[in-house]
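This is my_file_33.cif (mmCIF, C-alpha atoms).
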```
data_data
#
loop_
_atom_site.label_atom_id
_atom_site.label_comp_id
_atom_site.auth_asym_id
_atom_site.auth_seq_id
_atom_site.Cartn_x
_atom_site.Cartn_y
_atom_site.Cartn_z
CA MET A 2 153.20 115.60 -7.24
CA LYS A 3 151.11 112.46 -6.74
CA ILE A 4 147.44 112.55 -7.71
CA LEU A 5 144.85 109.79 -8.05
CA GLY A 6 143.68 109.69 -11.65
CA ILE A 7 140.35 108.07 -12.52
CA ASP A 8 139.04 107.33 -16.01
CA VAL A 9 135.27 106.74 -16.24
CA GLY A 10 134.30 104.76 -19.33
CA GLY A 11 131.14 103.27 -20.71
CA THR A 12 132.08 99.78 -19.49
CA GLY A 13 134.76 100.29 -16.83
CA ILE A 14 136.02 102.78 -14.25
CA LYS A 15 139.82 102.66 -13.93
CA GLY A 16 142.16 104.37 -11.50
CA ALA A 17 145.76 104.58 -10.32
CA ILE A 18 148.02 106.96 -8.44
CA VAL A 19 150.04 109.03 -10.90
CA ASP A 20 153.38 110.82 -10.55
CA THR A 21 152.46 113.93 -12.52
CA LYS A 22 156.09 115.03 -12.89
CA ILE A 23 156.95 112.04 -15.07
CA GLY A 24 153.49 111.00 -16.25
CA GLU A 25 153.63 107.46 -14.96
CA LEU A 26 151.44 105.22 -12.83
CA ILE A 27 153.12 104.46 -9.53
CA THR A 28 150.57 101.87 -8.45
CA ASP A 29 148.84 99.05 -10.26
CA ARG A 30 145.74 100.11 -12.16
CA HIS A 31 142.49 99.06 -10.49
CA ARG A 32 139.35 98.59 -12.58
CA ILE A 33 135.71 98.10 -11.64
CA LEU A 34 132.71 97.75 -13.91
CA THR A 35 130.68 100.84 -14.75
CA PRO A 36 127.26 100.29 -13.16
CA GLN A 37 124.25 99.90 -15.44
CA PRO A 38 122.29 102.08 -15.60
CA ALA A 39 125.09 104.63 -15.12
CA THR A 40 123.12 107.02 -12.94
CA PRO A 41 124.87 109.70 -10.85
CA GLU A 42 124.19 107.84 -7.58
CA ALA A 43 125.55 104.53 -8.91
CA VAL A 44 128.64 105.98 -10.61
CA ILE A 45 129.55 108.26 -7.68
CA HIS A 46 129.28 105.22 -5.39
CA SER A 47 131.64 103.26 -7.68
CA ILE A 48 134.13 106.14 -7.90
CA SER A 49 134.08 106.48 -4.12
CA GLU A 50 134.68 102.73 -3.82
CA LEU A 51 137.68 103.07 -6.12
CA ILE A 52 139.08 105.97 -4.07
CA ARG A 53 138.72 103.90 -0.89
CA GLU A 54 140.50 101.00 -2.61
CA PHE A 55 143.60 103.22 -2.78
CA LYS A 56 143.04 104.52 0.79
CA TRP A 57 143.34 107.95 -0.83
CA LYS A 58 142.67 111.22 1.01
CA ALA A 59 144.19 113.83 -1.32
CA GLN A 60 143.53 115.37 -4.74
CA VAL A 61 141.62 113.41 -7.39
CA GLY A 62 141.30 113.98 -11.13
CA VAL A 63 138.42 112.35 -13.00
CA GLY A 64 138.09 111.92 -16.76
CA PHE A 65 134.40 111.69 -17.61
CA PRO A 66 132.63 110.63 -20.85
CA ALA A 67 130.77 113.89 -21.40
CA ALA A 68 131.24 117.58 -22.03
CA VAL A 69 132.18 119.16 -18.71
CA VAL A 70 132.01 122.90 -17.97
CA ASN A 71 133.09 124.20 -14.54
CA GLU A 72 132.71 120.70 -13.07
CA ILE A 73 129.14 120.41 -14.38
CA VAL A 74 128.19 117.60 -16.77
CA ARG A 75 126.57 119.04 -19.90
CA THR A 76 125.98 115.99 -22.15
CA ALA A 77 125.10 112.32 -21.68
CA SER A 78 125.61 110.38 -24.90
CA ASN A 79 127.13 107.26 -23.28
CA ILE A 80 125.89 107.65 -19.70
CA ASP A 81 122.48 108.16 -18.09
CA ASN A 82 120.61 111.36 -19.05
CA SER A 83 120.14 112.19 -15.38
CA TRP A 84 123.79 113.35 -15.31
CA ILE A 85 123.02 116.53 -17.26
CA GLY A 86 123.40 119.55 -14.98
CA VAL A 87 125.10 117.60 -12.18
CA ASN A 88 128.19 118.98 -10.44
CA ALA A 89 129.97 115.63 -10.29
CA ALA A 90 133.14 116.98 -8.64
CA ALA A 91 131.10 118.36 -5.73
CA LEU A 92 129.32 115.04 -5.26
CA ILE A 93 132.62 113.13 -5.18
CA GLU A 94 134.11 115.63 -2.71
CA ASN A 95 131.05 115.35 -0.45
CA GLU A 96 131.24 111.56 -0.56
CA THR A 97 135.01 111.15 -0.05
CA GLY A 98 136.41 114.40 1.32
CA CYS A 99 138.90 114.48 -1.58
CA PRO A 100 139.24 117.70 -3.60
CA THR A 101 138.17 116.65 -7.10
CA HIS A 102 138.46 118.08 -10.61
CA LEU A 103 136.38 116.75 -13.50
CA VAL A 104 137.36 116.91 -17.18
CA ASN A 105 136.13 115.35 -20.42
CA ASP A 106 137.75 111.92 -20.71
CA VAL A 107 139.38 112.40 -24.12
CA ASP A 108 140.52 115.90 -23.20
CA ALA A 109 142.24 114.17 -20.27
CA ALA A 110 143.85 111.57 -22.52
CA GLY A 111 144.97 114.42 -24.75
CA PHE A 112 146.74 116.13 -21.85
CA ALA A 113 148.73 112.93 -21.25
CA GLU A 114 149.62 112.48 -24.92
CA MET A 115 150.61 116.11 -25.43
CA LYS A 116 152.78 116.20 -22.31
CA PHE A 117 154.34 112.74 -22.27
CA GLY A 118 153.17 110.81 -25.33
CA SER A 119 152.79 110.92 -29.09
CA GLY A 120 152.11 114.66 -29.24
CA LYS A 121 154.90 115.92 -26.99
CA ASN A 122 157.04 117.16 -29.89
CA GLU A 123 154.18 118.69 -31.92
CA ASN A 124 153.21 122.32 -31.38
CA GLY A 125 150.73 122.65 -34.25
CA VAL A 126 147.17 121.38 -34.45
CA VAL A 127 146.87 117.89 -32.97
CA LEU A 128 143.65 115.92 -32.93
CA ILE A 129 143.07 112.94 -30.62
CA ALA A 130 140.32 110.49 -31.60
CA ALA A 131 139.50 107.77 -29.09
CA PHE A 132 137.48 104.80 -30.31
CA GLY A 133 135.61 102.96 -27.58
CA THR A 134 131.95 102.77 -26.56
CA GLY A 135 131.60 105.96 -28.60
CA ILE A 136 134.11 108.23 -30.33
CA GLY A 137 135.64 110.97 -28.24
CA THR A 138 137.91 113.73 -29.52
CA ALA A 139 140.26 116.42 -28.31
CA ILE A 140 141.93 119.23 -30.24
CA PHE A 141 145.13 121.03 -29.23
CA ASN A 142 146.88 123.95 -30.88
CA GLU A 143 150.28 125.01 -29.56
CA LYS A 144 149.64 122.62 -26.66
CA LYS A 145 146.45 124.52 -25.74
CA LEU A 146 143.19 122.60 -25.50
CA LEU A 147 139.90 123.51 -27.15
CA PRO A 148 137.70 121.68 -24.61
CA ASN A 149 134.66 119.47 -25.14
CA THR A 150 134.79 119.12 -28.93
CA GLU A 151 132.68 115.89 -29.00
CA LEU A 152 133.33 115.30 -32.72
CA GLY A 153 132.04 111.74 -32.50
CA HIS A 154 128.64 113.40 -32.89
CA LEU A 155 129.41 114.67 -36.39
CA PHE A 156 127.20 113.01 -39.00
CA LEU A 157 128.68 110.41 -41.35
CA LYS A 158 126.63 108.06 -43.56
CA ASN A 159 123.44 109.73 -42.31
CA MET A 160 124.16 108.86 -38.68
CA LYS A 161 126.33 110.00 -35.82
CA ALA A 162 129.91 109.03 -36.63
CA GLU A 163 130.24 107.06 -33.40
CA HIS A 164 127.29 104.91 -34.47
CA TYR A 165 129.27 104.04 -37.62
CA ALA A 166 132.90 103.76 -36.53
CA ALA A 167 133.18 103.32 -32.75
CA ASN A 168 134.99 100.23 -31.51
CA SER A 169 131.73 99.09 -29.92
CA ILE A 170 130.21 99.01 -33.42
CA ARG A 171 133.11 96.84 -34.65
CA GLU A 172 132.31 94.40 -31.86
CA LYS A 173 128.53 94.58 -32.25
CA GLU A 174 128.59 94.05 -36.03
CA GLU A 175 131.49 91.57 -35.81
CA LEU A 176 133.49 93.58 -38.36
CA ASP A 177 136.97 92.44 -39.34
CA TYR A 178 139.77 94.97 -38.96
CA GLU A 179 139.82 95.75 -42.68
CA SER A 180 136.12 96.66 -42.80
CA TRP A 181 136.28 98.63 -39.59
CA GLY A 182 139.61 100.26 -40.44
CA LYS A 183 138.09 101.63 -43.64
CA ARG A 184 135.26 103.15 -41.61
CA VAL A 185 137.80 104.72 -39.26
CA ASN A 186 139.65 106.09 -42.29
CA GLU A 187 136.43 107.66 -43.62
CA TYR A 188 135.83 109.32 -40.27
CA LEU A 189 139.41 110.58 -39.94
CA GLY A 190 139.24 111.89 -43.50
CA HIS A 191 136.15 113.88 -42.53
CA LEU A 192 138.05 115.39 -39.58
CA GLU A 193 141.05 116.07 -41.81
CA ASN A 194 138.90 118.09 -44.22
CA LEU A 195 137.47 120.14 -41.35
CA PHE A 196 140.59 120.88 -39.30
CA TYR A 197 143.72 120.06 -41.35
CA PRO A 198 145.64 118.85 -38.30
CA GLU A 199 149.36 118.20 -38.37
CA LEU A 200 148.94 114.97 -36.38
CA ILE A 201 146.11 112.63 -35.42
CA ILE A 202 146.53 110.36 -32.39
CA ILE A 203 144.37 107.23 -32.07
CA GLY A 204 143.33 106.69 -28.47
CA GLY A 205 141.24 104.28 -26.43
CA GLY A 206 141.92 100.63 -25.70
CA ILE A 207 141.95 99.85 -29.43
CA SER A 208 145.19 101.85 -29.77
CA LYS A 209 146.95 98.70 -28.53
CA LYS A 210 145.84 96.99 -31.74
CA TYR A 211 146.59 99.84 -34.13
CA ASP A 212 148.89 97.66 -36.24
CA GLN A 213 145.90 95.45 -37.11
CA PHE A 214 144.10 98.25 -38.96
CA SER A 215 146.81 100.86 -39.65
CA GLU A 216 147.24 99.77 -43.28
CA TYR A 217 143.68 100.90 -44.00
CA ILE A 218 144.35 104.44 -42.72
CA THR A 219 145.27 106.28 -45.92
CA ILE A 220 144.57 109.95 -45.19
CA GLN A 221 147.34 112.52 -45.74
CA THR A 222 147.69 113.54 -42.09
CA PRO A 223 150.18 111.44 -40.10
CA VAL A 224 148.27 109.07 -37.78
CA VAL A 225 149.87 107.35 -34.77
CA PRO A 226 148.58 105.38 -31.76
CA ALA A 227 148.59 106.89 -28.29
CA GLN A 228 151.86 106.05 -26.53
CA ASN A 229 150.17 105.85 -23.15
CA ARG A 230 147.60 103.41 -24.55
CA ASN A 231 144.77 102.75 -22.09
CA HIS A 232 146.58 104.61 -19.28
CA ALA A 233 146.31 107.99 -21.05
CA GLY A 234 142.96 108.85 -19.48
CA ILE A 235 144.20 108.12 -15.96
CA ILE A 236 147.44 110.08 -16.42
CA GLY A 237 145.67 112.97 -18.08
CA ALA A 238 142.96 113.19 -15.43
CA ALA A 239 145.69 113.56 -12.82
CA LEU A 240 147.46 116.21 -14.93
CA ALA A 241 144.20 118.11 -15.36
CA ALA A 242 143.65 118.13 -11.60
CA LYS A 243 147.19 119.42 -11.08
CA ASN A 244 146.70 122.21 -13.64
CA GLU A 245 142.96 122.80 -13.34
CA HIS A 246 143.39 126.57 -13.74
CA LEU A 247 145.16 126.05 -17.09
CA ARG A 248 144.06 125.06 -20.61
CA LYS A 249 147.62 124.00 -21.38
CA VAL A 250 149.99 121.22 -20.40
#
```
Please express the file's structure as structure tokens.
Amino acid sequence: MKILGIDVGGTGIKGAIVDTKIGELITDRHRILTPQPATPEAVIHSISELIREFKWKAQVGVGFPAAVVNEIVRTASNIDNSWIGVNAAALIENETGCPTHLVNDVDAAGFAEMKFGSGKNENGVVLIAAFGTGIGTAIFNEKKLLPNTELGHLFLKNMKAEHYAANSIREKEELDYESWGKRVNEYLGHLENLFYPELIIIGGGISKKYDQFSEYITIQTPVVPAQNRNHAGIIGAALAAKNEHLRKV
């Protein structure tokens, strides 16, 4: 089954058509900048533009950087506050005519990793932590998702963890990979002590550079980069749309 997967991030909106049977992109990925400010009107316009770029008229899955409950956006830590309470899927459907399913962006990436990536052979507790503009998380147990965990908002060093260890903080403070990797290790250690997962998967674009900071990750839980790298959110959004009635991949 072919579905258009879209991954909405703090800086870019990416999309591609996905073969959900094999978990692979069957078109080139297309990326446009996330509008600033990222208001509902501006972002919906950009998503619609992306859908038209693919000349797409069928089902769409969208990974979104917020907690999402029954298609309604419930948080707005890295997007405009005016999103809270908005049924984004309905707006996209009204704009494009495409049936649309919305899911938290890291939950989406988790679907891809648990079905086709680094978590496909693990049936215990798996935690995905994606380091980007903020820190997003997803937790699976026996391949079942606990949605909208948003553990980047846990406090660490008297601040939200994502204000201490997100990749955007590495860039903003011009941290070298050793300094930043040690912050990531502190954060993962905090998660380890709360959930005792059997595997932690590092997601987000920074997963491509995992070997540059992996030596500073010293927690007991095995830690690996996402196999689908920056495509995980697109693939997972398509999978979520395919299985929107399920909490399992």
Handout entry: For CA of Leu195 in chain A and CA of Gln228 in chain A, the interatomic separation in Å (one decimal)
Key =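 Distance between the two atoms: 25.0 Å.
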Practice task
Expand the PyMOL selection byres ((chain A and resi 205) around 7) into the individual residues it matches in the shown file, reporting them as number ranges by chain.
Solution key: A: 131-133, 204, 206-208, 230-231
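Under the PyMOL selection byres ((chain A and resi 55) around 10), the matching residues in the shown file are Leu5, Gly16, Ala17, Ile18, Thr28, His31, Glu50, Leu51, Ile52, Arg53, Glu54, Lys56, Trp57 and Lys58 of chain A.
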May I have the residues from that selection written out with C-alpha atoms, as an mmCIF file, keeping the file's coordinate frame?
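result.cif, freshly written:
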```cif
data_model
loop_
_atom_site.group_PDB
_atom_site.id
_atom_site.type_symbol
_atom_site.label_atom_id
_atom_site.label_comp_id
_atom_site.auth_asym_id
_atom_site.auth_seq_id
_atom_site.Cartn_x
_atom_site.Cartn_y
_atom_site.Cartn_z
ATOM 1 C CA LEU A 5 144.850 109.790 -8.050
ATOM 2 C CA GLY A 16 142.160 104.370 -11.500
ATOM 3 C CA ALA A 17 145.760 104.580 -10.320
ATOM 4 C CA ILE A 18 148.020 106.960 -8.440
ATOM 5 C CA THR A 28 150.570 101.870 -8.450
ATOM 6 C CA HIS A 31 142.490 99.060 -10.490
ATOM 7 C CA GLU A 50 134.680 102.730 -3.820
ATOM 8 C CA LEU A 51 137.680 103.070 -6.120
ATOM 9 C CA ILE A 52 139.080 105.970 -4.070
ATOM 10 C CA ARG A 53 138.720 103.900 -0.890
ATOM 11 C CA GLU A 54 140.500 101.000 -2.610
ATOM 12 C CA LYS A 56 143.040 104.520 0.790
ATOM 13 C CA TRP A 57 143.340 107.950 -0.830
ATOM 14 C CA LYS A 58 142.670 111.220 1.010
#
```
Exercise for the section: Name the closest residue to Pro41 in chain A among the candidates A:Asp81, A:Glu123, A:Glu72, A:Glu114; distances are taken between atoms, counting all atoms listed in the file. Expected result: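 Among the listed residues, A:Asp81 lies closest to Pro41 in chain A.
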Problem - Spatial neighbours of Gly111 in chain A, max dist 9 Å, all atoms listed in the file, sep filter under 5 positions, as JSON, numbers by chain - result: {"A": [106, 116, 118, 120, 128, 129, 138, 139, 140, 141, 146, 202, 204, 233, 234, 237]}
With C-alpha atoms retained, export the selected residues as a compact mmCIF listing (two decimals), keeping the file's coordinate frame.
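selection-v5.txt, freshly written:
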```txt
# COMPACT_ATOMS: atom_id res chain seq x y z
CA ASP A 106 137.75 111.92 -20.71
CA LYS A 116 152.78 116.20 -22.31
CA GLY A 118 153.17 110.81 -25.33
CA GLY A 120 152.11 114.66 -29.24
CA LEU A 128 143.65 115.92 -32.93
CA ILE A 129 143.07 112.94 -30.62
CA THR A 138 137.91 113.73 -29.52
CA ALA A 139 140.26 116.42 -28.31
CA ILE A 140 141.93 119.23 -30.24
CA PHE A 141 145.13 121.03 -29.23
CA LEU A 146 143.19 122.60 -25.50
CA ILE A 202 146.53 110.36 -32.39
CA GLY A 204 143.33 106.69 -28.47
CA ALA A 233 146.31 107.99 -21.05
CA GLY A 234 142.96 108.85 -19.48
CA GLY A 237 145.67 112.97 -18.08
```
Output the residue selection produced by the PyMOL selection byres ((chain A and resi 186) around 8) on the file above, formatted as a tab-separated table (two decimals) with C-alpha atoms, in the frame of the given file.
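What landed in part_21.tsv:
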```
chain	number	residue	atom	x	y	z
A	182	GLY	CA	139.61	100.26	-40.44
A	183	LYS	CA	138.09	101.63	-43.64
A	184	ARG	CA	135.26	103.15	-41.61
A	185	VAL	CA	137.80	104.72	-39.26
A	187	GLU	CA	136.43	107.66	-43.62
A	188	TYR	CA	135.83	109.32	-40.27
A	189	LEU	CA	139.41	110.58	-39.94
A	190	GLY	CA	139.24	111.89	-43.50
A	217	TYR	CA	143.68	100.90	-44.00
A	218	ILE	CA	144.35	104.44	-42.72
A	219	THR	CA	145.27	106.28	-45.92
A	220	ILE	CA	144.57	109.95	-45.19
```
Practice task
Between A:Lys243, A:Lys144, A:Lys210, A:Ala167, single out the one closest to Phe117 in chain A, counting all atoms listed in the file.
Solution key: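 Using all atoms listed in the file, Phe117 in chain A sits closest to A:Lys144.
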Exercise for the section: Mind giving me the straight-line distance from CA of Ile170 in chain A to CA of Leu192 in chain A in Å, one decimal? Expected result: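 CA of Leu192 in chain A lies at a distance of 19.2 Å from CA of Ile170 in chain A.
Our summary of the geometry notes that CA of Ile80 in chain A is positioned 22.0 Å from CA of Leu157 in chain A.
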Practice task
Find the residue from A:Thr101, A:Thr40, A:Asn71, A:Ser215 that sits nearest to Ala239 in chain A; use only C-alpha atoms when measuring.
Solution key: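 Residue with the minimum atom-to-atom distance to Ala239 in chain A: A:Thr101.
Once range 196-200 of chain A and its same-chain neighbours fewer than 5 positions away are set aside, Gly125, Val126, Val127, Leu128, Thr222, Pro223 and Val224 of chain A remain within 7 Å of it when counting only C-alpha atoms.
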Selection above as a file: C-alpha atoms, as a CSV table (one decimal), in the coordinates of the input:
```csv
chain,number,residue,atom,x,y,z
A,125,GLY,CA,150.7,122.6,-34.2
A,126,VAL,CA,147.2,121.4,-34.4
A,127,VAL,CA,146.9,117.9,-33.0
A,128,LEU,CA,143.6,115.9,-32.9
A,222,THR,CA,147.7,113.5,-42.1
A,223,PRO,CA,150.2,111.4,-40.1
A,224,VAL,CA,148.3,109.1,-37.8
```
Practice task
Choose the residue, out of A:Ser49, A:Tyr165, A:Met2, A:Ala89, that has the smallest atom-to-atom separation from Leu26 in chain A; count all atoms listed in the file.
Solution key: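 Closest candidate: A:Met2.
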